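Novice: You'll find input.pdb just under this line, and it carries PDB, C-alpha atoms, pLDDT in the B column.
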```pdb
ATOM      1  CA  VAL A 787       0.000   0.000   0.000  1.00 86.00           C
ATOM      2  CA  THR A 788       3.063   2.274   0.016  1.00 88.00           C
ATOM      3  CA  PRO A 789       2.035   4.180  -3.169  1.00 91.00           C
ATOM      4  CA  PHE A 790      -1.268   5.118  -1.501  1.00 88.00           C
ATOM      5  CA  VAL A 791       0.183   6.569   1.711  1.00 87.00           C
ATOM      6  CA  LYS A 792       0.092  10.369   1.832  1.00 87.00           C
ATOM      7  CA  GLN A 793       1.946  12.863   3.957  1.00 88.00           C
ATOM      8  CA  GLY A 794      -0.135  13.602   7.072  1.00 88.00           C
ATOM      9  CA  ASP A 795      -3.299  11.742   8.082  1.00 89.00           C
ATOM     10  CA  ASN A 796      -4.310   8.527   6.323  1.00 88.00           C
ATOM     11  CA  VAL A 797      -7.344   6.248   6.544  1.00 88.00           C
ATOM     12  CA  ILE A 798      -7.616   2.467   6.595  1.00 88.00           C
ATOM     13  CA  ALA A 799     -11.090   1.496   5.347  1.00 87.00           C
ATOM     14  CA  VAL A 800     -12.354  -1.972   4.491  1.00 85.00           C
ATOM     15  CA  TYR A 801     -15.445  -2.825   2.468  1.00 81.00           C
ATOM     16  CA  TYR A 802     -16.446  -6.397   3.151  1.00 78.00           C
ATOM     17  CA  GLY A 803     -19.229  -8.833   2.366  1.00 75.00           C
ATOM     18  CA  GLY A 804     -20.055 -12.337   3.469  1.00 70.00           C
ATOM     19  CA  GLY A 805     -19.630 -14.241   0.210  1.00 67.00           C
ATOM     20  CA  TRP A 806     -19.305 -18.001   0.706  1.00 67.00           C
ATOM     21  CA  TYR A 807     -18.375 -17.363   4.364  1.00 69.00           C
ATOM     22  CA  THR A 808     -21.996 -16.573   5.229  1.00 68.00           C
ATOM     23  CA  SER A 809     -23.687 -18.667   2.542  1.00 67.00           C
ATOM     24  CA  GLU A 810     -26.855 -20.597   3.291  1.00 66.00           C
ATOM     25  CA  VAL A 811     -25.080 -23.884   2.594  1.00 66.00           C
ATOM     26  CA  ARG A 812     -22.462 -23.564   5.313  1.00 66.00           C
ATOM     27  CA  ARG A 813     -22.089 -20.671   7.721  1.00 67.00           C
ATOM     28  CA  PHE A 814     -19.081 -19.601   9.754  1.00 70.00           C
ATOM     29  CA  GLY A 815     -20.723 -16.759  11.668  1.00 72.00           C
ATOM     30  CA  LEU A 816     -20.781 -13.062  10.903  1.00 75.00           C
ATOM     31  CA  PRO A 817     -18.180 -11.583   8.526  1.00 77.00           C
ATOM     32  CA  LYS A 818     -14.938 -10.661  10.271  1.00 82.00           C
ATOM     33  CA  VAL A 819     -12.002  -8.425   9.424  1.00 85.00           C
ATOM     34  CA  ILE A 820      -8.385  -8.646  10.526  1.00 87.00           C
ATOM     35  CA  TYR A 821      -5.502  -6.523   9.296  1.00 89.00           C
ATOM     36  CA  CYS A 822      -1.974  -5.512  10.215  1.00 90.00           C
ATOM     37  CA  LEU A 823      -0.219  -2.674   8.426  1.00 91.00           C
ATOM     38  CA  THR A 824       3.543  -2.617   8.920  1.00 92.00           C
ATOM     39  CA  VAL A 825       5.250   0.754   8.502  1.00 89.00           C
ATOM     40  CA  GLU A 826       9.028   0.763   8.349  1.00 90.00           C
ATOM     41  CA  ARG A 827      10.743   4.081   8.886  1.00 85.00           C
ATOM     42  CA  GLU A 828      14.036   5.459  10.041  1.00 87.00           C
ATOM     43  CA  GLY A 829      14.423   4.623  13.688  1.00 88.00           C
ATOM     44  CA  GLY A 830      11.950   1.764  13.926  1.00 93.00           C
ATOM     45  CA  THR A 831       8.817  -0.027  12.765  1.00 95.00           C
ATOM     46  CA  ASP A 832       5.192   0.820  13.510  1.00 92.00           C
ATOM     47  CA  TYR A 833       2.241  -1.566  13.393  1.00 93.00           C
ATOM     48  CA  PHE A 834      -1.356  -0.514  12.749  1.00 91.00           C
ATOM     49  CA  VAL A 835      -3.691  -3.367  13.638  1.00 92.00           C
ATOM     50  CA  SER A 836      -7.421  -4.033  13.750  1.00 92.00           C
ATOM     51  CA  ASP A 837      -8.830  -3.809  17.270  1.00 92.00           C
ATOM     52  CA  GLU A 838     -11.825  -2.593  19.291  1.00 92.00           C
ATOM     53  CA  HIS A 839     -11.011   1.029  18.431  1.00 91.00           C
ATOM     54  CA  CYS A 840     -12.094   0.479  14.819  1.00 92.00           C
ATOM     55  CA  ARG A 841     -15.551   1.642  13.788  1.00 91.00           C
ATOM     56  CA  VAL A 842     -18.153  -0.342  11.844  1.00 90.00           C
ATOM     57  CA  GLY A 843     -20.960   1.090   9.728  1.00 87.00           C
ATOM     58  CA  GLY A 844     -23.190   0.189   6.818  1.00 82.00           C
ATOM     59  CA  GLY A 845     -21.891   0.666   3.292  1.00 84.00           C
ATOM     60  CA  PHE A 846     -23.454   0.913  -0.129  1.00 88.00           C
ATOM     61  CA  VAL A 847     -23.463  -2.891  -0.557  1.00 88.00           C
ATOM     62  CA  THR A 848     -26.708  -3.753   1.236  1.00 87.00           C
ATOM     63  CA  LEU A 849     -26.934  -7.408   0.143  1.00 84.00           C
ATOM     64  CA  SER A 850     -24.348  -9.942  -1.003  1.00 81.00           C
ATOM     65  CA  ARG A 851     -25.510 -13.530  -1.039  1.00 76.00           C
ATOM     66  CA  PHE A 852     -24.034 -16.786  -2.273  1.00 70.00           C
ATOM     67  CA  SER A 853     -25.896 -20.048  -1.991  1.00 64.00           C
ATOM     68  CA  THR A 854     -25.923 -23.337  -3.879  1.00 57.00           C
ATOM     69  CA  HIS A 855     -25.364 -23.831  -7.604  1.00 53.00           C
ATOM     70  CA  ASN A 856     -29.110 -23.663  -8.150  1.00 55.00           C
ATOM     71  CA  HIS A 857     -30.197 -20.733  -5.998  1.00 55.00           C
ATOM     72  CA  LEU A 858     -29.632 -17.138  -5.015  1.00 64.00           C
ATOM     73  CA  HIS A 859     -26.517 -15.423  -6.263  1.00 80.00           C
ATOM     74  CA  ARG A 860     -27.542 -11.846  -5.514  1.00 87.00           C
ATOM     75  CA  GLU A 861     -26.006  -8.483  -4.770  1.00 90.00           C
ATOM     76  CA  GLN A 862     -27.608  -5.117  -4.109  1.00 92.00           C
ATOM     77  CA  HIS A 863     -26.092  -1.627  -3.942  1.00 93.00           C
ATOM     78  CA  ASP A 864     -27.725   1.549  -2.650  1.00 93.00           C
ATOM     79  CA  TYR A 865     -25.575   4.557  -3.510  1.00 91.00           C
ATOM     80  CA  ARG A 866     -27.832   6.955  -1.616  1.00 89.00           C
ATOM     81  CA  ILE A 867     -26.217   5.745   1.608  1.00 83.00           C
ATOM     82  CA  GLU A 868     -22.644   5.634   0.392  1.00 67.00           C
ATOM     83  CA  ALA A 869     -20.332   7.030   3.063  1.00 65.00           C
ATOM     84  CA  ASP A 870     -17.147   8.835   2.078  1.00 73.00           C
ATOM     85  CA  CYS A 871     -15.223   6.834   4.654  1.00 77.00           C
ATOM     86  CA  LEU A 872     -12.002   7.077   2.646  1.00 74.00           C
ATOM     87  CA  SER A 873     -11.801  10.752   3.532  1.00 81.00           C
ATOM     88  CA  THR A 874      -9.922  11.815   6.675  1.00 84.00           C
ATOM     89  CA  ALA A 875     -12.709  14.369   7.225  1.00 86.00           C
ATOM     90  CA  PHE A 876     -15.379  11.649   7.470  1.00 86.00           C
ATOM     91  CA  ASP A 877     -17.170  11.626  10.839  1.00 88.00           C
ATOM     92  CA  ASP A 878     -17.534   8.022  12.011  1.00 88.00           C
ATOM     93  CA  SER A 879     -18.719   8.941  15.525  1.00 88.00           C
ATOM     94  CA  GLN A 880     -22.190   7.512  14.792  1.00 88.00           C
ATOM     95  CA  TRP A 881     -20.753   4.153  13.782  1.00 91.00           C
ATOM     96  CA  LYS A 882     -20.533   1.304  16.275  1.00 92.00           C
ATOM     97  CA  LYS A 883     -17.255   0.231  17.774  1.00 93.00           C
ATOM     98  CA  ALA A 884     -15.840  -3.036  16.470  1.00 91.00           C
ATOM     99  CA  VAL A 885     -16.395  -6.064  18.705  1.00 91.00           C
ATOM    100  CA  PRO A 886     -13.358  -8.318  19.313  1.00 91.00           C
ATOM    101  CA  THR A 887     -13.940 -11.968  18.497  1.00 88.00           C
ATOM    102  CA  GLU A 888     -12.148 -15.158  19.356  1.00 84.00           C
ATOM    103  CA  PRO A 889      -9.434 -16.047  16.828  1.00 78.00           C
ATOM    104  CA  LEU A 890     -10.082 -18.946  14.494  1.00 75.00           C
ATOM    105  CA  CYS A 891      -8.397 -22.206  15.406  1.00 81.00           C
ATOM    106  CA  THR A 892      -6.207 -22.313  12.321  1.00 80.00           C
ATOM    107  CA  ASP A 893      -2.845 -21.340  10.894  1.00 81.00           C
ATOM    108  CA  TYR A 894      -2.616 -17.944   9.230  1.00 75.00           C
ATOM    109  CA  CYS A 895      -0.523 -18.233   6.090  1.00 78.00           C
ATOM    110  CA  SER A 896       0.527 -15.656   3.532  1.00 77.00           C
ATOM    111  CA  THR A 897      -0.389 -16.249  -0.094  1.00 76.00           C
ATOM    112  CA  ASP A 898       0.479 -14.582  -3.379  1.00 79.00           C
ATOM    113  CA  CYS A 899      -2.527 -16.113  -5.129  1.00 74.00           C
ATOM    114  CA  PRO A 900      -4.994 -13.412  -6.264  1.00 72.00           C
ATOM    115  CA  CYS A 901      -8.553 -13.855  -5.023  1.00 69.00           C
ATOM    116  CA  ASP A 902      -9.936 -12.944  -8.450  1.00 70.00           C
ATOM    117  CA  ALA A 903      -8.519 -13.293 -11.948  1.00 74.00           C
ATOM    118  CA  LEU A 904      -9.852 -11.261 -14.878  1.00 79.00           C
ATOM    119  CA  ILE A 905      -9.222 -13.485 -17.884  1.00 84.00           C
ATOM    120  CA  GLU A 906     -11.044 -11.524 -20.550  1.00 87.00           C
ATOM    121  CA  GLN A 907     -13.558  -8.803 -21.239  1.00 89.00           C
ATOM    122  CA  ARG A 908     -16.315  -9.862 -23.601  1.00 89.00           C
ATOM    123  CA  GLU A 909     -18.188  -7.761 -26.130  1.00 90.00           C
ATOM    124  CA  VAL A 910     -21.888  -7.687 -25.285  1.00 92.00           C
ATOM    125  CA  LYS A 911     -24.601  -7.370 -27.922  1.00 94.00           C
ATOM    126  CA  GLN A 912     -28.178  -6.198 -27.530  1.00 93.00           C
ATOM    127  CA  ILE A 913     -30.387  -8.924 -29.002  1.00 94.00           C
ATOM    128  CA  GLY A 914     -33.914  -7.741 -28.318  1.00 91.00           C
ATOM    129  CA  ILE A 915     -36.379  -5.495 -26.521  1.00 90.00           C
ATOM    130  CA  ARG A 916     -39.329  -7.151 -24.814  1.00 88.00           C
ATOM    131  CA  ASP A 917     -41.981  -6.202 -22.265  1.00 87.00           C
ATOM    132  CA  THR A 918     -39.713  -7.706 -19.585  1.00 87.00           C
ATOM    133  CA  GLY A 919     -36.753  -5.525 -20.572  1.00 90.00           C
ATOM    134  CA  VAL A 920     -33.775  -5.202 -22.901  1.00 92.00           C
ATOM    135  CA  LEU A 921     -31.914  -8.465 -23.612  1.00 94.00           C
ATOM    136  CA  TYR A 922     -28.134  -8.769 -23.983  1.00 95.00           C
ATOM    137  CA  ASP A 923     -25.904 -11.649 -25.129  1.00 96.00           C
ATOM    138  CA  CYS A 924     -22.304 -12.238 -23.987  1.00 94.00           C
ATOM    139  CA  GLY A 925     -21.658 -14.730 -26.785  1.00 94.00           C
ATOM    140  CA  GLU A 926     -21.056 -17.768 -24.588  1.00 94.00           C
ATOM    141  CA  ASN A 927     -21.707 -18.976 -21.066  1.00 94.00           C
ATOM    142  CA  THR A 928     -19.249 -17.450 -18.650  1.00 91.00           C
ATOM    143  CA  THR A 929     -18.477 -16.959 -14.988  1.00 90.00           C
ATOM    144  CA  GLY A 930     -18.276 -13.267 -14.248  1.00 92.00           C
ATOM    145  CA  TYR A 931     -20.386 -10.125 -14.025  1.00 93.00           C
ATOM    146  CA  PRO A 932     -21.579  -7.219 -16.169  1.00 93.00           C
ATOM    147  CA  VAL A 933     -20.033  -3.759 -15.806  1.00 94.00           C
ATOM    148  CA  LEU A 934     -22.688  -1.095 -16.284  1.00 92.00           C
ATOM    149  CA  GLU A 935     -22.867   2.662 -16.667  1.00 93.00           C
ATOM    150  CA  ILE A 936     -26.114   3.849 -15.108  1.00 90.00           C
ATOM    151  CA  ALA A 937     -27.747   7.266 -15.201  1.00 88.00           C
ATOM    152  CA  ALA A 938     -31.027   6.630 -13.407  1.00 89.00           C
ATOM    153  CA  PRO A 939     -32.991   9.146 -11.299  1.00 91.00           C
ATOM    154  CA  ARG A 940     -32.292   9.157  -7.565  1.00 92.00           C
ATOM    155  CA  GLY A 941     -34.083   6.296  -5.841  1.00 93.00           C
ATOM    156  CA  GLU A 942     -34.700   4.276  -9.002  1.00 92.00           C
ATOM    157  CA  ALA A 943     -33.636   0.637  -8.815  1.00 92.00           C
ATOM    158  CA  VAL A 944     -31.751  -0.799 -11.781  1.00 92.00           C
ATOM    159  CA  VAL A 945     -32.493  -4.543 -11.747  1.00 94.00           C
ATOM    160  CA  VAL A 946     -30.378  -6.942 -13.811  1.00 95.00           C
ATOM    161  CA  GLN A 947     -31.335 -10.618 -14.116  1.00 95.00           C
ATOM    162  CA  LEU A 948     -28.993 -13.199 -15.600  1.00 95.00           C
ATOM    163  CA  SER A 949     -29.541 -16.599 -17.209  1.00 96.00           C
ATOM    164  CA  GLU A 950     -27.574 -19.360 -18.896  1.00 95.00           C
ATOM    165  CA  GLU A 951     -30.231 -19.987 -21.553  1.00 96.00           C
ATOM    166  CA  LEU A 952     -33.079 -18.359 -23.459  1.00 96.00           C
ATOM    167  CA  SER A 953     -36.609 -19.733 -23.460  1.00 95.00           C
ATOM    168  CA  PRO A 954     -38.230 -20.860 -26.755  1.00 95.00           C
ATOM    169  CA  ASP A 955     -39.926 -17.449 -27.057  1.00 92.00           C
ATOM    170  CA  GLY A 956     -36.555 -15.658 -26.876  1.00 92.00           C
ATOM    171  CA  ASP A 957     -36.712 -14.307 -23.316  1.00 94.00           C
ATOM    172  CA  LEU A 958     -34.586 -15.365 -20.327  1.00 95.00           C
ATOM    173  CA  ASP A 959     -35.262 -18.968 -19.369  1.00 95.00           C
ATOM    174  CA  ASP A 960     -36.564 -18.932 -15.785  1.00 91.00           C
ATOM    175  CA  ALA A 961     -35.237 -22.457 -15.244  1.00 91.00           C
ATOM    176  CA  HIS A 962     -31.688 -21.214 -15.832  1.00 93.00           C
ATOM    177  CA  ILE A 963     -31.796 -17.912 -13.941  1.00 92.00           C
ATOM    178  CA  HIS A 964     -31.087 -19.664 -10.604  1.00 89.00           C
ATOM    179  CA  GLY A 965     -32.181 -16.566  -8.684  1.00 88.00           C
ATOM    180  CA  GLN A 966     -29.243 -14.551 -10.065  1.00 92.00           C
ATOM    181  CA  GLN A 967     -29.792 -10.829  -9.707  1.00 93.00           C
ATOM    182  CA  PHE A 968     -27.828  -7.578  -9.430  1.00 94.00           C
ATOM    183  CA  VAL A 969     -29.709  -4.519  -8.135  1.00 94.00           C
ATOM    184  CA  VAL A 970     -28.431  -0.939  -7.990  1.00 94.00           C
ATOM    185  CA  VAL A 971     -30.400   1.883  -6.334  1.00 94.00           C
ATOM    186  CA  SER A 972     -29.227   5.119  -7.933  1.00 92.00           C
ATOM    187  CA  ASP A 973     -28.267   8.320  -6.136  1.00 92.00           C
ATOM    188  CA  GLY A 974     -29.024  10.288  -9.299  1.00 91.00           C
ATOM    189  CA  THR A 975     -25.448  10.535 -10.582  1.00 90.00           C
ATOM    190  CA  LYS A 976     -23.930   8.768 -13.580  1.00 92.00           C
ATOM    191  CA  ARG A 977     -21.499   6.073 -12.476  1.00 91.00           C
ATOM    192  CA  LEU A 978     -19.915   2.754 -13.394  1.00 93.00           C
ATOM    193  CA  VAL A 979     -21.148  -0.149 -11.268  1.00 94.00           C
ATOM    194  CA  GLN A 980     -20.325  -3.822 -10.907  1.00 94.00           C
ATOM    195  CA  PRO A 981     -20.788  -6.452  -8.196  1.00 91.00           C
ATOM    196  CA  GLU A 982     -18.149  -6.173  -5.486  1.00 88.00           C
ATOM    197  CA  PHE A 983     -18.462  -9.576  -3.764  1.00 85.00           C
ATOM    198  CA  ASN A 984     -20.310 -11.749  -6.226  1.00 85.00           C
ATOM    199  CA  TYR A 985     -20.117 -13.367  -9.630  1.00 86.00           C
ATOM    200  CA  PHE A 986     -22.649 -15.125 -11.822  1.00 91.00           C
ATOM    201  CA  GLY A 987     -22.903 -18.023 -14.254  1.00 91.00           C
ATOM    202  CA  PHE A 988     -24.652 -16.665 -17.360  1.00 94.00           C
ATOM    203  CA  ARG A 989     -24.664 -15.867 -21.040  1.00 96.00           C
ATOM    204  CA  TYR A 990     -27.723 -13.614 -21.253  1.00 97.00           C
ATOM    205  CA  PHE A 991     -29.024 -10.800 -19.059  1.00 96.00           C
ATOM    206  CA  ARG A 992     -31.787  -8.203 -19.148  1.00 94.00           C
ATOM    207  CA  ASN A 993     -32.861  -4.976 -17.528  1.00 91.00           C
ATOM    208  CA  LYS A 994     -35.554  -2.338 -18.002  1.00 78.00           C
ATOM    209  CA  GLN A 995     -33.755   0.831 -16.955  1.00 66.00           C
ATOM    210  CA  SER A 996     -31.442   3.075 -18.919  1.00 60.00           C
ATOM    211  CA  MET A 997     -27.834   1.894 -18.820  1.00 65.00           C
ATOM    212  CA  ARG A 998     -24.780   1.417 -20.993  1.00 69.00           C
ATOM    213  CA  ILE A 999     -22.846  -1.877 -21.047  1.00 69.00           C
ATOM    214  CA  ILE A1000     -19.083  -1.465 -20.662  1.00 64.00           C
TER     215      ILE A1000
END
```
Could you write out this file's structure as structure tokens?

Specialist:
Amino acid sequence: VTPFVKQGDNVIAVYYGGGWYTSEVRRFGLPKVIYCLTVEREGGTDYFVSDEHCRVGGGFVTLSRFSTHNHLHREQHDYRIEADCLSTAFDDSQWKKAVPTEPLCTDYCSTDCPCDALIEQREVKQIGIRDTGVLYDCGENTTGYPVLEIAAPRGEAVVVQLSEELSPDGDLDDAHIHGQQFVVVSDGTKRLVQPEFNYFGFRYFRNKQSMRII
């Protein structure tokens, strides 16, 4: 993180979601965060660690859910409640204090394996407009997520549903949607959005609201 450290005050902020850790298949309790930032300087080394002095508050990701292969891969964002917690001027006094938890009975090991790997970006084509929304095709089934540019009015929900197959009438096949859904509640500003803690298995997706596919 050295390139991101500035002269003067700095902020450590963590966005986190449950993912598989809090899935309905197997649960390991509430999401937890642990960090240790090592700062080497002339004359010694400083350590900034997570403890009960940290503050916890709600972020713009209001739902992030993994379940089985057949059900409920969902994520929801609400940018009306986004907190500028990366700013040193942000007032976190209304946030709750972090609660210490018992350490996991395990070995903590370093890894250089990335948690996500972007293999390719696919060109998406619009293939139809129906009463249910605008349909898009990624060209082949993939594991990933759409990146969208939205410009919806404040409070409007942009709902994206995803499916592996089309039905005989050319719409998304409900049998292959598997509950997959990405919802964004707009704050009225144009922005790029994508799931932060989720991915989907799909080829086709649809939505009714105004957006541009990136």

Novice: List, as a list of chain:residue names, every residue that the PyMOL selection byres ((chain A and resi 962-964) around 9) selects in the file provided.

Specialist: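 Selected by the PyMOL selection byres ((chain A and resi 962-964) around 9) here: A:His855, A:Asn856, A:His857, A:Leu858, A:His859, A:Gln947, A:Leu948, A:Ser949, A:Glu950, A:Glu951, A:Leu952, A:Leu958, A:Asp959, A:Asp960, A:Ala961, A:Gly965, A:Gln966, A:Gln967, A:Gly987, A:Phe988.
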
Novice: Put those residues in a file: C-alpha atoms, as a tab-separated table (two decimals), in the coordinates of the input.

Specialist:
```
chain	number	residue	atom	x	y	z
A	855	HIS	CA	-25.36	-23.83	-7.60
A	856	ASN	CA	-29.11	-23.66	-8.15
A	857	HIS	CA	-30.20	-20.73	-6.00
A	858	LEU	CA	-29.63	-17.14	-5.01
A	859	HIS	CA	-26.52	-15.42	-6.26
A	947	GLN	CA	-31.34	-10.62	-14.12
A	948	LEU	CA	-28.99	-13.20	-15.60
A	949	SER	CA	-29.54	-16.60	-17.21
A	950	GLU	CA	-27.57	-19.36	-18.90
A	951	GLU	CA	-30.23	-19.99	-21.55
A	952	LEU	CA	-33.08	-18.36	-23.46
A	958	LEU	CA	-34.59	-15.36	-20.33
A	959	ASP	CA	-35.26	-18.97	-19.37
A	960	ASP	CA	-36.56	-18.93	-15.78
A	961	ALA	CA	-35.24	-22.46	-15.24
A	965	GLY	CA	-32.18	-16.57	-8.68
A	966	GLN	CA	-29.24	-14.55	-10.06
A	967	GLN	CA	-29.79	-10.83	-9.71
A	987	GLY	CA	-22.90	-18.02	-14.25
A	988	PHE	CA	-24.65	-16.66	-17.36
```

Novice: By how many Å are CA of Gly956 (chain A) and CA of Asn927 (chain A) apart?

Specialist: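 CA of Asn927 (chain A) lies 16.3 Å from CA of Gly956 (chain A).
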
Novice: Using only C-alpha atoms, which protein or nucleic acid residues come within 12 Å of Leu904 (chain A)? Drop anything in the same chain fewer than 4 positions from it, and give the result as a VMD selection string.

Specialist: chain A and resid 900 908 928 to 931 985

Novice: Go through A:Ser953, A:Ser896, A:Asn993, A:Thr788 one by one, measure the shortest atom-to-atom distance of each to Leu921 (chain A) using only C-alpha atoms, and give the residue with the smallest value.

Specialist: A:Asn993

Novice: Care to translate the PyMOL selection byres ((chain A and resi 850) around 8) into actual residues of this file, as a list of chain:residue names?

Specialist: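 Evaluating the PyMOL selection byres ((chain A and resi 850) around 8) on these coordinates yields A:Gly803, A:Gly804, A:Gly805, A:Val847, A:Thr848, A:Leu849, A:Arg851, A:Phe852, A:His859, A:Arg860, A:Glu861, A:Gln862, A:Phe983, A:Asn984.
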
Novice: In Å, with one decimal, what is the gap from CA of Val787 (chain A) to CA of Leu816 (chain A)?

Specialist: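 Result for CA of Val787 (chain A) versus CA of Leu816 (chain A): 26.9 Å, one decimal.
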
Novice: Write out as a PDB file with C-alpha atoms, keeping the file's coordinate frame each polymer residue whose atoms come within 8 Å of Lys883 (chain A), counting all atoms listed in the file; drop sequence neighbours fewer than 3 positions from it.

Specialist:
```pdb
ATOM      1  CA  GLU A 838     -11.825  -2.593  19.291  1.00 92.00           C
ATOM      2  CA  HIS A 839     -11.011   1.029  18.431  1.00 91.00           C
ATOM      3  CA  CYS A 840     -12.094   0.479  14.819  1.00 92.00           C
ATOM      4  CA  ARG A 841     -15.551   1.642  13.788  1.00 91.00           C
ATOM      5  CA  VAL A 842     -18.153  -0.342  11.844  1.00 90.00           C
TER       6      VAL A 842
END
```

Novice: Considering only C-alpha atoms, state which residue in the set A:Lys994, A:Glu982, A:Gly815, A:Pro886 is at the smallest distance from Asp902 (chain A).

Specialist: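 Looking at the shortest contact to Asp902 (chain A), the residue is A:Glu982.
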
Novice: Using the chain letters and numbers from this file, what does the PyMOL selection byres ((chain A and resi 865) around 12) select? Give the answer as a ChimeraX atom specification.

Specialist: /A:844-848,862-864,866-870,936,938-944,969-979
